[in-house]
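Novice: File target.tsv follows (TSV, C-alpha atoms):
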```
chain	number	residue	atom	x	y	z
A	171	MET	CA	104.01	115.53	165.06
A	172	ASP	CA	101.61	112.67	164.32
A	173	HIS	CA	102.70	110.63	161.27
A	174	ARG	CA	99.68	108.34	161.08
A	175	ALA	CA	98.27	107.61	157.62
A	176	LYS	CA	94.64	108.19	158.72
A	177	PRO	CA	93.27	110.96	160.93
A	178	ARG	CA	91.97	110.27	164.46
A	179	TRP	CA	88.95	111.96	166.02
A	180	PRO	CA	88.86	112.30	169.83
A	181	THR	CA	85.57	111.33	171.50
A	182	ASN	CA	83.95	111.23	174.92
A	183	LEU	CA	82.03	108.01	174.18
A	184	SER	CA	81.85	105.14	176.65
A	185	VAL	CA	81.52	101.57	175.41
A	186	ARG	CA	81.54	98.01	176.75
A	187	VAL	CA	84.31	95.79	175.37
A	188	THR	CA	84.00	91.98	175.61
A	189	ASP	CA	86.62	89.40	174.64
A	190	LEU	CA	84.51	86.93	172.64
A	191	GLN	CA	86.81	83.99	173.49
A	192	GLN	CA	86.81	84.76	177.25
A	193	ARG	CA	83.50	86.51	177.90
A	194	GLU	CA	84.33	87.09	181.58
A	195	ARG	CA	86.89	89.63	180.29
A	196	SER	CA	84.38	92.39	179.75
A	197	GLY	CA	84.14	95.93	181.01
A	198	PRO	CA	83.37	99.55	180.38
A	199	ALA	CA	85.88	101.63	178.47
A	200	PRO	CA	86.13	105.26	177.42
A	201	VAL	CA	86.93	105.68	173.72
A	202	ILE	CA	90.06	107.79	173.34
A	203	ASP	CA	89.72	108.30	169.60
A	204	ILE	CA	88.16	106.87	166.46
A	205	ALA	CA	89.83	106.42	163.08
A	206	GLU	CA	88.55	105.32	159.70
A	207	GLN	CA	88.97	101.61	160.46
A	208	GLY	CA	89.42	101.43	164.19
A	209	MET	CA	89.32	102.96	167.61
A	210	CYS	CA	91.46	103.29	170.71
A	211	VAL	CA	89.92	102.50	174.10
A	212	CYS	CA	91.20	102.56	177.68
A	213	LEU	CA	90.48	99.21	179.38
A	214	PRO	CA	90.91	98.14	183.02
A	215	PHE	CA	92.49	94.85	181.82
A	216	PRO	CA	94.90	93.80	179.05
A	217	LEU	CA	93.85	91.93	175.92
A	218	GLU	CA	96.07	89.83	173.68
A	219	PRO	CA	96.80	91.21	170.21
A	220	GLY	CA	94.63	89.28	167.77
A	221	ALA	CA	91.80	88.72	170.29
A	222	TYR	CA	88.33	89.08	168.75
A	223	VAL	CA	86.11	91.49	170.70
A	224	SER	CA	82.70	93.09	170.61
A	225	VAL	CA	82.31	96.78	171.35
A	226	GLU	CA	78.81	97.78	172.43
A	227	VAL	CA	77.48	101.32	172.47
A	228	GLU	CA	73.77	101.84	173.05
A	229	ASP	CA	71.99	99.74	170.39
A	230	SER	CA	75.02	99.17	168.15
A	231	VAL	CA	77.84	96.61	168.13
A	232	PHE	CA	81.27	96.75	166.53
A	233	PHE	CA	83.34	93.60	166.07
A	234	ALA	CA	87.09	94.07	166.08
A	235	PHE	CA	90.50	92.49	166.46
A	236	VAL	CA	92.89	93.81	169.10
A	237	ALA	CA	95.87	95.44	167.40
A	238	TYR	CA	97.73	96.26	170.64
A	239	SER	CA	97.16	96.57	174.38
A	240	ASN	CA	99.75	98.69	176.18
A	241	PRO	CA	99.95	99.60	179.88
A	242	GLY	CA	98.71	103.12	180.46
A	243	GLU	CA	98.06	105.33	183.45
A	244	LEU	CA	96.46	104.15	186.70
A	245	SER	CA	96.40	100.40	185.94
A	246	SER	CA	94.69	100.88	182.58
A	247	PHE	CA	95.54	99.51	179.15
A	248	ARG	CA	95.47	101.65	176.02
A	249	THR	CA	94.01	99.23	173.47
A	250	GLY	CA	93.86	99.65	169.69
A	251	LEU	CA	91.00	97.92	167.90
A	252	GLU	CA	90.72	97.19	164.18
A	253	ILE	CA	87.03	97.22	163.25
A	254	VAL	CA	85.92	94.36	160.97
A	255	GLN	CA	82.11	94.56	161.20
A	256	VAL	CA	79.55	97.14	162.31
A	257	LEU	CA	75.93	96.43	163.29
A	258	LEU	CA	74.01	99.66	163.81
A	259	GLY	CA	70.73	100.27	165.60
A	260	THR	CA	68.53	103.36	165.40
A	261	SER	CA	69.75	105.53	168.31
A	262	SER	CA	71.17	109.01	167.77
A	263	ILE	CA	74.68	107.65	168.33
A	264	ALA	CA	74.02	104.92	165.74
A	265	ASN	CA	72.83	107.54	163.26
A	266	THR	CA	76.00	109.57	163.79
A	267	VAL	CA	78.15	106.46	163.36
A	268	ARG	CA	76.11	105.49	160.27
A	269	SER	CA	76.88	108.83	158.61
A	270	VAL	CA	80.60	108.35	159.30
A	271	VAL	CA	80.63	104.66	158.28
A	272	LEU	CA	78.71	105.17	155.05
A	273	ASP	CA	81.10	107.96	154.06
A	274	SER	CA	84.21	105.88	154.78
A	275	ALA	CA	85.89	102.67	153.76
A	276	TRP	CA	85.04	100.72	156.94
A	277	PRO	CA	84.91	97.00	156.13
A	278	GLY	CA	81.80	94.98	156.89
A	279	LYS	CA	79.65	98.08	157.08
A	280	VAL	CA	75.99	97.41	157.71
A	281	GLY	CA	73.23	100.01	157.66
```
Kindly present the structure from the file in C-alpha cells form.

Specialist:
Amino acid sequence: MDHRAKPRWPTNLSVRVTDLQQRERSGPAPVIDIAEQGMCVCLPFPLEPGAYVSVEVEDSVFFAFVAYSNPGELSSFRTGLEIVQVLLGTSSIANTVRSVVLDSAWPGKVG
C-alpha cells in the first residue's frame, strides 16, 4: 500500500532534463509519474540530490531540485524532482499542465 501524502498520476510523457550546473549532463527521460509538487523521471545518468535542473516538454519548462536519484533497471536512475517554478507555453500539453497547475498548490506557478 502506498502511504504517500499526495497522490501520483502515471504518465507517458517524455521530457529533456538538464543539470543547470553541468549542462553537459542532459538527456531525454520518460516521466514515470507526476504529483502535486513534483515528478519522477527515469534518467540514463545519476544526479546529485539538491542539483538544480530544467525539465523541458514541448514549449514549457519546469525548474526543479533533485530530491533523490536511485539506480533502477537497465542502467537507469529513478529520479525524484521537486518543482519550484513552471513556465508554460501554448501547446496542448502546456494547456493540460496549466489546468493542473492552476488547480493545485504548485509553487512558482506561471500562466

Novice: Calculated over all atoms listed in the file, which of the candidates A:Ile263, A:Val227, A:Ala221, A:Leu244 has the smallest distance to Val201 in chain A?

Specialist: A:Val227

Novice: With distances taken over all atoms listed in the file, which of A:Leu251, A:Val231, A:Ala199, A:Leu190 is nearest to Pro219 in chain A?

Specialist: A:Leu251

Novice: Excluding range 208-210 of chain A and its own-chain neighbours fewer than 6 positions away, which residues fall within 6 Å of it when counting all atoms listed in the file? Please give them as an NGL selection string.

Specialist: :A and (201-202 or 249-253)

Novice: What does the structure give for the distance between CA of Arg193 in chain A and CA of Glu206 in chain A, in Å to one decimal?

Specialist: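 Separating CA of Arg193 in chain A from CA of Glu206 in chain A is a distance of 26.7 Å.
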
Novice: What does the distance from CA of Gln192 in chain A to CA of Ile204 in chain A come to in Å, to one decimal?

Specialist: 24.6 Å

Novice: Got a sec: who's within 8 Å of Pro216 in chain A, counting all atoms listed in the file, leaving out chain neighbours fewer than 5 positions off, as a list in words?

Specialist: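 Using all atoms listed in the file, the neighbours found are Ser239, Asn240, Pro241, Ser246, Phe247 and Thr249 of chain A.
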
Novice: Closest to Ser245 in chain A among A:Leu213, A:Thr181, A:Thr188, A:Ser261, using all atoms listed in the file?

Specialist: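 Of A:Leu213, A:Thr181, A:Thr188, A:Ser261, the one nearest Ser245 in chain A is A:Leu213, counting all atoms listed in the file.
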
Novice: Residues within 10 Å of Val225 in chain A, please, as a PyMOL selection string. Count all atoms listed in the file; anything in the same chain fewer than 2 positions from it doesn't count.

Specialist: chain A and resi 184-189+196-199+211+223+227+230-234+251+253+256

Novice: Would it be fine to have range 240-259 of chain A, with C-alpha atoms, given as a short mmCIF file (atom, residue, chain, number, x, y, z; two decimals), in the first residue's frame?

Specialist:
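Writing the result to result02.cif gives the following:
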```
data_model
loop_
_atom_site.label_atom_id
_atom_site.label_comp_id
_atom_site.auth_asym_id
_atom_site.auth_seq_id
_atom_site.Cartn_x
_atom_site.Cartn_y
_atom_site.Cartn_z
CA ASN A 240 18.40 5.91 -7.24
CA PRO A 241 19.74 3.15 -9.50
CA GLY A 242 16.93 1.50 -11.42
CA GLU A 243 16.63 -1.12 -14.12
CA LEU A 244 18.94 -1.36 -17.15
CA SER A 245 21.49 1.29 -16.10
CA SER A 246 18.83 3.92 -15.44
CA PHE A 247 18.27 6.18 -12.45
CA ARG A 248 14.83 6.77 -10.95
CA THR A 249 14.99 10.47 -10.11
CA GLY A 250 12.55 12.47 -7.98
CA LEU A 251 12.21 16.16 -8.80
CA GLU A 252 10.68 18.87 -6.61
CA ILE A 253 9.19 21.53 -8.90
CA VAL A 254 9.93 25.13 -7.87
CA GLN A 255 8.92 27.09 -10.98
CA VAL A 256 6.80 26.45 -14.08
CA LEU A 257 6.97 28.40 -17.35
CA LEU A 258 4.19 27.34 -19.71
CA GLY A 259 3.82 27.87 -23.44
#
```
